Amino acid sequence: MKKLLVLSALAAMLASGTALADTSDKKIAFSNNYAGNSWRQAMLDSYAIVTKKAVADGVVAAADIFTTADKEVPTQAAQVQNLILQGYDAIVINAASPDALNGAIKQACDAGIVVVSFDGIVTEPCAYRVVVDFKDMGKQEVEQMAKFQPKGGNLLEIRGLAGTSIDDAIHAGILEGVAAHPEFKIVGSVTGDWDQTTAQKAVATILPSLPEIVGVVDQGGDGYGAAQAFAAAGKPRPTIIMGNRQDELQWWKEQKEKDGYQTWSASIAPGVSSLAFWVAQQVLDGRTDIPHDLLVPYLAFTQDDFEAALPKIPKGGVASHEYTQEDAIAAIKANIK
Amino acid sequence: MTAAPVETGPRGSSERGKLARARLLRSLLPALSLVLVLLAIAWLNPRAISYFGFSLMLNLAIPIALATIAQMFVIAGNELDLSIGTFVGFVGCVTATWLKDAPLVGVVILLASIGVYALLGALIHLRNLPSIVVTLGMSFVWQGLAILTLPKPGGKAPDWLLSLMAFKPPLVPFPIIAALLIAAVVYFGLMRTSYGVILRGSGGNAAALERAGWSLLKTKIVLFALAGLFGVLSGMALIGITTSADANIGNGYTLLSIAGVILGGGEFVGGRVSPIGAVIGALTLALAASPLLTFMHIPPDWQVAANGAILIIVLAARVLISRRER
């Protein structure tokens with residue numbers, strides 16, 4: 001009996017050994033449902049940079065990008081079905097809907113195709129999900145705030161796009177953070193849609209009705225707009241958490257040079273697309289120990305390192321990070337524990 | 001335009017032959033463009049031309065075909081429905097929630113929504129309102145109701161619907177059988193029955209019909225109710241394929257359905273529509289927009305534009321030929 005076990009273990013090792021040999025004949029497709037903002041553009045750029053090199057190095061045979069013409073679910077479902085027909089071995093997907101694509105995703109899995117979703121994830125159990133820990137990001141915002149404003153005080157919260165899972169998660173994290181730091185109190189909440197102008201308008205509207213604000217906790221893309229609204233209203237400048245956008249970091253730099261202004265910045269790196277690519281490659285490589293839900297870290301900048309990153313961000317863009325195969329292996333390892 | 005030959009008197013036989021040829025070409029054009037798109041797909045990706053391939057490529061064309069038929073009924077009465085897309089989305093949300101959890105309530109809601117469509121027809125006729133304005137307004141109502149029914153994407157299709165849409169008949173893929181069935185039923189109902197003639201006549205020559213004693217109010221109500229019925233079928237078919245719903249799931253169908261009717265040989269005015277053409281038009285659009293594009297390996301920056309270009313080329317060919325007919 002023991003002998004049999006050892007033998008089968010050996011056989012399994014051999015089998016996985018050959019599977020690990022290479023993925024050079026594998027084709028990976030990227031199904032993307034929207035390309036119309038700076039974050040998505042940066043996401044596509046990061047993906048293209050990493051996959052071009054991977055193809056040139058012979059790690060995979062092909063890594064093609066497909067963007068649908070509209071943001072519609074049926075269009076992307078049809079696209080996934082076409083990718084199945086084209087014989088791709090894996091599909092990396094930023095999905096239009098977490099649930100409504102499940103039919104097509106299941107068909108892909110049934111055809112033996114590895115599906116890795118990120119950012120816009122899919123809930124179909126057979127797919128992999130690369131998820132950024134947004135809840136922790138929200139909690140961390142309050143933790144950082146406690147460092148800059150040790151006495152505590154009133155906070156203003158700027159929410160993201162209503163009804164999305166990301167907005168939900170960050171908000172839950174912020175609430176958790178405030179519960180752990182009772183010296184802070186959220187006195188107002190507005191919807192900024194992750195957009196400077198929307199946030200500026202929303203903050204400007206609520207400001208007159210608020211007591212003194214010591215800090216703004218937000219979701220990224222809205223920090224600069226909030227700063228503008230405070231300045232326009234002639235209110236004292238609070239500690240505003242930033243979200244890695246170029247204009248936000250630029251403003252932070254100006255304030256820091258003026259009077260040593262301190263804050264913290266965090267957001268999901270658009271380059272998480274490249275991480276999803278490597279996860280797909282690892283699965284194709286024959287690894288069977290990868291959990292289907294992978295929690296990966298967000299990209300954060302502190303007082304000391306944000307200025308070094310600033311010149312690399314295009315105007316109107318957002319800080320990104322291209323992940324390597326080693327990053328992916330490390331991220332997978334962190335999730336297996 | 002159709003009356004033109006009568007007014008100008010008898011024509012030469014050669015001219016009449018030319019007209020007949022153009023008519024034939026016009027009725028063949030939808031089928032021709034479908035064959036062209038299929039050939040292009042076969043050339044780009046031979047693997048797609050198989051039982052499995054057709055099942056995958058065409059199954060999302062069924063809800064489009066049903067929505068196109070719905071639009072066709074409205075266009076037959078010289079009106080336009082800009083709310084069919086969000087209506088399909090609303091039906092989808094009801095299908096994924098009420099119809100599964102409380103089938104009776106779900107059925108009542110869906111029947112009531114068909115009733116709303118019929119009332120819209122009556123409203124448009126009685127108050128002589130432009131249908132574009134009324135249905136554009138309704139599109140926001142349906143969208144709002146869809147979000148109320150399903151605030152976050154999710155829900156699940158009823159099991160019987162899932163197994164129906166996943167049905168795998170021998171030899172011929174299910175989507176093709178479904179398309180043939182839809183085309184045959186609607187063709188018979190609208191083109192081969194006497195009331196079908198009346199319905200089309202309400203778009204062709206309303207004044208004559210009225211003088212002959214037919215109720216235009218009734219024809220408009222029937223046309224809109226039929227549009228509602230096929231809209232409901234479209235939403236249910238869509239959810240049967242995607243398995244779960246999203247409030248925005250049908251938004252793209254409004255324009256697709258209009259393009260499908262026109263591509264299939266229909267006209268915006270005059271009650272000239274073709275059920276078989278509309279189904280073929282919907283299939284062509286569904287194939288040209290997505291599989292063809294994916295198989296062509298166009299750089300991502302150009303994919304969106306290429307999608308539009310294909311639609312324009314296909315529709316332009318149709319317009320060129322109907323021009324010749326005049």
# chains A, B, ... in the order shown; residues from 1 in each chain; ligands from 1

$ interface_residues --of "chain A" --to "chain B" --cutoff "6 Å" --atoms "only C-alpha atoms" --output "compact mmCIF listing (two decimals) with N, CA and C atoms, in the first residue's frame"
# COMPACT_ATOMS: atom_id res chain seq x y z
N PHE A 66 -8.12 41.61 -26.95
CA PHE A 66 -9.40 41.85 -27.63
C PHE A 66 -10.25 42.78 -26.77
N THR A 67 -10.63 43.93 -27.35
CA THR A 67 -11.48 44.86 -26.63
C THR A 67 -12.83 44.91 -27.33
N ALA A 69 -16.52 46.45 -28.52
CA ALA A 69 -16.85 47.76 -29.05
C ALA A 69 -17.71 48.55 -28.07
N VAL A 73 -22.69 43.42 -21.83
CA VAL A 73 -22.42 42.05 -21.41
C VAL A 73 -22.53 41.05 -22.57
N GLN A 81 -16.91 33.44 -26.29
CA GLN A 81 -17.23 32.24 -27.06
C GLN A 81 -16.37 32.14 -28.32
N ASN A 82 -16.10 33.30 -28.94
CA ASN A 82 -15.25 33.28 -30.12
C ASN A 82 -13.81 32.90 -29.77
N LEU A 85 -13.54 29.30 -29.59
CA LEU A 85 -13.48 28.70 -30.93
C LEU A 85 -12.11 28.87 -31.56
N ASP A 99 -21.58 38.52 -12.74
CA ASP A 99 -22.43 37.32 -12.81
C ASP A 99 -22.88 36.96 -14.21
N ALA A 100 -23.21 37.99 -15.00
CA ALA A 100 -23.90 37.74 -16.25
C ALA A 100 -23.03 37.09 -17.32
N LEU A 101 -21.72 36.98 -17.08
CA LEU A 101 -20.86 36.31 -18.06
C LEU A 101 -20.63 34.85 -17.69
N GLY A 103 -22.25 32.16 -17.86
CA GLY A 103 -22.58 31.14 -18.86
C GLY A 103 -21.42 30.91 -19.82

$ select_by_dssp --residues "segment 173-246 of chain A" --states "alpha helix (DSSP H)" --output "VMD selection string"
chain A and resid 173 to 180 196 to 206 223 to 232 246

$ residues_around --residues "Gly137 of chain B" --least-positions-apart "5" --cutoff "9 Å" --atoms "only C-alpha atoms" --output "PyMOL selection string"
chain B and resi 82-83+132

$ closest_residue --among "B:Leu223, B:Ala76, B:Leu190, B:Ala157" --to "Pro103 of chain B" --atoms "only C-alpha atoms"
B:Ala157

$ closest_residue --among "B:Gly106, B:Pro175, B:Gly85, B:Gly189" --to "Leu136 of chain B" --atoms "only C-alpha atoms"
B:Gly85

$ atom_distance --atom1 "atom CA of Gln76 of chain A" --atom2 "atom CA of Ala104 of chain A"
8.9 Å

$ residues_around --residues "Leu311 of chain B" --least-positions-apart "6" --cutoff "10 Å" --atoms "only C-alpha atoms" --output "ChimeraX atom specification"
/B:256,259,263,284-285,288-289

$ write_last_selection --atoms "N, CA and C atoms" --output "short mmCIF file (atom, residue, chain, number, x, y, z; two decimals), in the first residue's frame"
data_model
loop_
_atom_site.label_atom_id
_atom_site.label_comp_id
_atom_site.auth_asym_id
_atom_site.auth_seq_id
_atom_site.Cartn_x
_atom_site.Cartn_y
_atom_site.Cartn_z
N LEU B 256 -29.14 47.45 -32.52
CA LEU B 256 -28.93 46.19 -33.25
C LEU B 256 -30.23 45.73 -33.91
N ALA B 259 -31.06 47.91 -36.92
CA ALA B 259 -30.17 47.56 -38.03
C ALA B 259 -30.54 46.21 -38.62
N LEU B 263 -31.38 45.67 -42.47
CA LEU B 263 -30.50 44.76 -43.20
C LEU B 263 -31.31 43.61 -43.81
N THR B 284 -26.71 37.80 -39.26
CA THR B 284 -25.57 38.40 -39.95
C THR B 284 -24.88 39.42 -39.04
N LEU B 285 -25.70 40.28 -38.42
CA LEU B 285 -25.13 41.30 -37.55
C LEU B 285 -24.38 40.66 -36.39
N ALA B 288 -21.17 39.25 -37.83
CA ALA B 288 -20.23 40.23 -38.35
C ALA B 288 -19.62 41.04 -37.22
N ALA B 289 -20.44 41.33 -36.20
CA ALA B 289 -19.96 42.22 -35.15
C ALA B 289 -18.92 41.55 -34.28
#

$ residues_around --residues "Ile186 of chain A" --least-positions-apart "2" --cutoff "12 Å" --atoms "only C-alpha atoms" --output "MDAnalysis selection string"
chainID A and resid 142 152:158 171 174:179 181:184 188:190 210:218

$ atom_distance --atom1 "atom CA of Ile310 of chain B" --atom2 "atom CA of Ser33 of chain B"
11.5 Å

$ residues_around --residues "Val222 of chain B" --least-positions-apart "3" --cutoff "9 Å" --atoms "only C-alpha atoms" --output "ChimeraX atom specification"
/B:118,121,199,217-219,225-227

$ write_last_selection --atoms "N, CA and C atoms" --output "CSV table (one decimal), in the first residue's frame"
chain,number,residue,atom,x,y,z
B,118,ALA,N,-48.9,47.2,-25.1
B,118,ALA,CA,-50.1,47.4,-25.8
B,118,ALA,C,-50.7,48.8,-25.6
B,121,GLY,N,-49.0,51.5,-27.5
B,121,GLY,CA,-49.5,51.5,-28.8
B,121,GLY,C,-50.8,52.4,-28.9
B,199,LEU,N,-52.4,44.1,-40.6
B,199,LEU,CA,-51.3,44.7,-39.8
B,199,LEU,C,-50.3,45.5,-40.6
B,217,LEU,N,-56.7,51.7,-34.3
B,217,LEU,CA,-56.3,51.6,-32.9
B,217,LEU,C,-56.0,50.2,-32.6
B,218,LYS,N,-56.8,49.3,-33.1
B,218,LYS,CA,-56.6,47.9,-32.7
B,218,LYS,C,-55.3,47.4,-33.4
B,219,THR,N,-55.1,47.7,-34.6
B,219,THR,CA,-53.9,47.2,-35.3
B,219,THR,C,-52.6,47.7,-34.5
B,225,ALA,N,-48.3,45.0,-28.9
B,225,ALA,CA,-48.3,43.9,-27.9
B,225,ALA,C,-47.4,42.8,-28.5
B,226,LEU,N,-47.4,42.6,-29.8
B,226,LEU,CA,-46.5,41.5,-30.4
B,226,LEU,C,-45.1,41.9,-30.1
B,227,ALA,N,-44.8,43.2,-30.2
B,227,ALA,CA,-43.4,43.7,-30.0
B,227,ALA,C,-43.0,43.3,-28.5

$ residues_around --residues "Ala334 of chain A" --least-positions-apart "5" --cutoff "12 Å" --atoms "only C-alpha atoms" --output "list in words"
Ile290, Pro291, Asp293, Leu294, Leu295, Val296, Pro297, Asp327, Ala328 and Ile329 of chain A

$ decode --residues "segment 204-246 of chain A" --atoms "N, CA and C atoms" --output "PDB file, in the first residue's frame"
ATOM      1  N   ALA A 204     -17.705  70.546  -2.917  1.00  0.00           N
ATOM      2  CA  ALA A 204     -18.042  71.967  -2.827  1.00  0.00           C
ATOM      3  C   ALA A 204     -19.468  72.152  -2.323  1.00  0.00           C
ATOM      4  N   THR A 205     -20.357  71.245  -2.718  1.00  0.00           N
ATOM      5  CA  THR A 205     -21.757  71.370  -2.318  1.00  0.00           C
ATOM      6  C   THR A 205     -21.957  71.083  -0.832  1.00  0.00           C
ATOM      7  N   ILE A 206     -21.215  70.114  -0.303  1.00  0.00           N
ATOM      8  CA  ILE A 206     -21.473  69.700   1.085  1.00  0.00           C
ATOM      9  C   ILE A 206     -20.658  70.522   2.094  1.00  0.00           C
ATOM     10  N   LEU A 207     -19.540  71.126   1.623  1.00  0.00           N
ATOM     11  CA  LEU A 207     -18.614  71.806   2.553  1.00  0.00           C
ATOM     12  C   LEU A 207     -19.272  72.831   3.479  1.00  0.00           C
ATOM     13  N   PRO A 208     -20.108  73.746   2.969  1.00  0.00           N
ATOM     14  CA  PRO A 208     -20.663  74.789   3.848  1.00  0.00           C
ATOM     15  C   PRO A 208     -21.433  74.226   5.042  1.00  0.00           C
ATOM     16  N   SER A 209     -21.962  73.013   4.908  1.00  0.00           N
ATOM     17  CA  SER A 209     -22.796  72.471   5.977  1.00  0.00           C
ATOM     18  C   SER A 209     -21.983  71.651   6.982  1.00  0.00           C
ATOM     19  N   LEU A 210     -20.670  71.576   6.788  1.00  0.00           N
ATOM     20  CA  LEU A 210     -19.876  70.687   7.631  1.00  0.00           C
ATOM     21  C   LEU A 210     -19.086  71.450   8.686  1.00  0.00           C
ATOM     22  N   PRO A 211     -18.830  70.813   9.858  1.00  0.00           N
ATOM     23  CA  PRO A 211     -17.899  71.401  10.822  1.00  0.00           C
ATOM     24  C   PRO A 211     -16.471  71.299  10.285  1.00  0.00           C
ATOM     25  N   GLU A 212     -15.498  71.692  11.079  1.00  0.00           N
ATOM     26  CA  GLU A 212     -14.116  71.650  10.601  1.00  0.00           C
ATOM     27  C   GLU A 212     -13.687  70.208  10.294  1.00  0.00           C
ATOM     28  N   ILE A 213     -13.065  70.031   9.122  1.00  0.00           N
ATOM     29  CA  ILE A 213     -12.659  68.701   8.660  1.00  0.00           C
ATOM     30  C   ILE A 213     -11.142  68.574   8.809  1.00  0.00           C
ATOM     31  N   VAL A 214     -10.674  67.502   9.443  1.00  0.00           N
ATOM     32  CA  VAL A 214      -9.226  67.319   9.544  1.00  0.00           C
ATOM     33  C   VAL A 214      -8.710  66.386   8.451  1.00  0.00           C
ATOM     34  N   GLY A 215      -9.570  65.547   7.913  1.00  0.00           N
ATOM     35  CA  GLY A 215      -9.069  64.607   6.918  1.00  0.00           C
ATOM     36  C   GLY A 215     -10.136  64.176   5.932  1.00  0.00           C
ATOM     37  N   VAL A 216      -9.673  63.781   4.721  1.00  0.00           N
ATOM     38  CA  VAL A 216     -10.590  63.270   3.704  1.00  0.00           C
ATOM     39  C   VAL A 216     -10.151  61.848   3.361  1.00  0.00           C
ATOM     40  N   VAL A 217     -11.051  60.885   3.543  1.00  0.00           N
ATOM     41  CA  VAL A 217     -10.760  59.513   3.112  1.00  0.00           C
ATOM     42  C   VAL A 217     -11.561  59.263   1.835  1.00  0.00           C
ATOM     43  N   ASP A 218     -10.900  58.688   0.828  1.00  0.00           N
ATOM     44  CA  ASP A 218     -11.539  58.598  -0.478  1.00  0.00           C
ATOM     45  C   ASP A 218     -11.123  57.312  -1.188  1.00  0.00           C
ATOM     46  N   GLN A 219     -11.372  57.240  -2.481  1.00  0.00           N
ATOM     47  CA  GLN A 219     -11.139  55.980  -3.199  1.00  0.00           C
ATOM     48  C   GLN A 219     -10.181  56.120  -4.372  1.00  0.00           C
ATOM     49  N   GLY A 220      -9.529  57.279  -4.506  1.00  0.00           N
ATOM     50  CA  GLY A 220      -8.602  57.470  -5.615  1.00  0.00           C
ATOM     51  C   GLY A 220      -9.284  58.117  -6.789  1.00  0.00           C
ATOM     52  N   GLY A 221      -8.559  59.044  -7.451  1.00  0.00           N
ATOM     53  CA  GLY A 221      -9.140  59.754  -8.588  1.00  0.00           C
ATOM     54  C   GLY A 221      -9.968  60.938  -8.154  1.00  0.00           C
ATOM     55  N   ASP A 222     -10.163  61.084  -6.823  1.00  0.00           N
ATOM     56  CA  ASP A 222     -11.022  62.155  -6.329  1.00  0.00           C
ATOM     57  C   ASP A 222     -10.289  63.127  -5.404  1.00  0.00           C
ATOM     58  N   GLY A 223      -9.012  62.838  -5.077  1.00  0.00           N
ATOM     59  CA  GLY A 223      -8.271  63.641  -4.100  1.00  0.00           C
ATOM     60  C   GLY A 223      -8.004  65.064  -4.574  1.00  0.00           C
ATOM     61  N   TYR A 224      -7.594  65.201  -5.839  1.00  0.00           N
ATOM     62  CA  TYR A 224      -7.258  66.518  -6.366  1.00  0.00           C
ATOM     63  C   TYR A 224      -8.501  67.396  -6.415  1.00  0.00           C
ATOM     64  N   GLY A 225      -9.615  66.817  -6.836  1.00  0.00           N
ATOM     65  CA  GLY A 225     -10.874  67.559  -6.893  1.00  0.00           C
ATOM     66  C   GLY A 225     -11.285  68.037  -5.504  1.00  0.00           C
ATOM     67  N   ALA A 226     -11.096  67.185  -4.493  1.00  0.00           N
ATOM     68  CA  ALA A 226     -11.431  67.564  -3.123  1.00  0.00           C
ATOM     69  C   ALA A 226     -10.560  68.732  -2.681  1.00  0.00           C
ATOM     70  N   ALA A 227      -9.250  68.654  -3.001  1.00  0.00           N
ATOM     71  CA  ALA A 227      -8.324  69.729  -2.626  1.00  0.00           C
ATOM     72  C   ALA A 227      -8.766  71.054  -3.244  1.00  0.00           C
ATOM     73  N   GLN A 228      -9.173  71.013  -4.518  1.00  0.00           N
ATOM     74  CA  GLN A 228      -9.633  72.217  -5.212  1.00  0.00           C
ATOM     75  C   GLN A 228     -10.865  72.797  -4.534  1.00  0.00           C
ATOM     76  N   ALA A 229     -11.783  71.913  -4.125  1.00  0.00           N
ATOM     77  CA  ALA A 229     -13.018  72.372  -3.504  1.00  0.00           C
ATOM     78  C   ALA A 229     -12.728  73.056  -2.170  1.00  0.00           C
ATOM     79  N   PHE A 230     -11.809  72.486  -1.371  1.00  0.00           N
ATOM     80  CA  PHE A 230     -11.459  73.101  -0.087  1.00  0.00           C
ATOM     81  C   PHE A 230     -10.821  74.469  -0.319  1.00  0.00           C
ATOM     82  N   ALA A 231      -9.929  74.553  -1.320  1.00  0.00           N
ATOM     83  CA  ALA A 231      -9.242  75.811  -1.600  1.00  0.00           C
ATOM     84  C   ALA A 231     -10.245  76.874  -2.048  1.00  0.00           C
ATOM     85  N   ALA A 232     -11.176  76.476  -2.909  1.00  0.00           N
ATOM     86  CA  ALA A 232     -12.142  77.432  -3.446  1.00  0.00           C
ATOM     87  C   ALA A 232     -13.061  77.954  -2.348  1.00  0.00           C
ATOM     88  N   ALA A 233     -13.350  77.104  -1.344  1.00  0.00           N
ATOM     89  CA  ALA A 233     -14.256  77.513  -0.275  1.00  0.00           C
ATOM     90  C   ALA A 233     -13.517  78.299   0.803  1.00  0.00           C
ATOM     91  N   GLY A 234     -12.175  78.415   0.659  1.00  0.00           N
ATOM     92  CA  GLY A 234     -11.394  79.143   1.642  1.00  0.00           C
ATOM     93  C   GLY A 234     -11.291  78.422   2.975  1.00  0.00           C
ATOM     94  N   LYS A 235     -11.477  77.108   2.955  1.00  0.00           N
ATOM     95  CA  LYS A 235     -11.402  76.323   4.194  1.00  0.00           C
ATOM     96  C   LYS A 235      -9.959  75.862   4.395  1.00  0.00           C
ATOM     97  N   PRO A 236      -9.563  75.604   5.644  1.00  0.00           N
ATOM     98  CA  PRO A 236      -8.210  75.077   5.878  1.00  0.00           C
ATOM     99  C   PRO A 236      -8.029  73.733   5.195  1.00  0.00           C
ATOM    100  N   ARG A 237      -6.804  73.516   4.712  1.00  0.00           N
ATOM    101  CA  ARG A 237      -6.520  72.309   3.936  1.00  0.00           C
ATOM    102  C   ARG A 237      -6.407  71.080   4.847  1.00  0.00           C
ATOM    103  N   PRO A 238      -7.285  70.084   4.679  1.00  0.00           N
ATOM    104  CA  PRO A 238      -7.190  68.887   5.519  1.00  0.00           C
ATOM    105  C   PRO A 238      -6.160  67.897   4.964  1.00  0.00           C
ATOM    106  N   THR A 239      -5.963  66.801   5.677  1.00  0.00           N
ATOM    107  CA  THR A 239      -5.126  65.723   5.152  1.00  0.00           C
ATOM    108  C   THR A 239      -5.977  64.916   4.180  1.00  0.00           C
ATOM    109  N   ILE A 240      -5.612  64.970   2.897  1.00  0.00           N
ATOM    110  CA  ILE A 240      -6.399  64.267   1.890  1.00  0.00           C
ATOM    111  C   ILE A 240      -5.624  63.038   1.426  1.00  0.00           C
ATOM    112  N   ILE A 241      -6.228  61.879   1.579  1.00  0.00           N
ATOM    113  CA  ILE A 241      -5.591  60.651   1.084  1.00  0.00           C
ATOM    114  C   ILE A 241      -5.654  60.675  -0.449  1.00  0.00           C
ATOM    115  N   MET A 242      -4.547  60.295  -1.082  1.00  0.00           N
ATOM    116  CA  MET A 242      -4.479  60.366  -2.541  1.00  0.00           C
ATOM    117  C   MET A 242      -4.667  58.982  -3.174  1.00  0.00           C
ATOM    118  N   GLY A 243      -4.806  58.989  -4.521  1.00  0.00           N
ATOM    119  CA  GLY A 243      -5.070  57.717  -5.200  1.00  0.00           C
ATOM    120  C   GLY A 243      -4.181  57.452  -6.407  1.00  0.00           C
ATOM    121  N   ASN A 244      -2.894  57.855  -6.286  1.00  0.00           N
ATOM    122  CA  ASN A 244      -1.886  57.501  -7.298  1.00  0.00           C
ATOM    123  C   ASN A 244      -2.061  58.181  -8.650  1.00  0.00           C
ATOM    124  N   ARG A 245      -3.042  59.092  -8.801  1.00  0.00           N
ATOM    125  CA  ARG A 245      -3.167  59.791 -10.078  1.00  0.00           C
ATOM    126  C   ARG A 245      -2.090  60.850 -10.184  1.00  0.00           C
ATOM    127  N   GLN A 246      -1.718  61.158 -11.416  1.00  0.00           N
ATOM    128  CA  GLN A 246      -0.630  62.097 -11.657  1.00  0.00           C
ATOM    129  C   GLN A 246      -0.940  63.454 -11.047  1.00  0.00           C
TER     130      GLN A 246
END
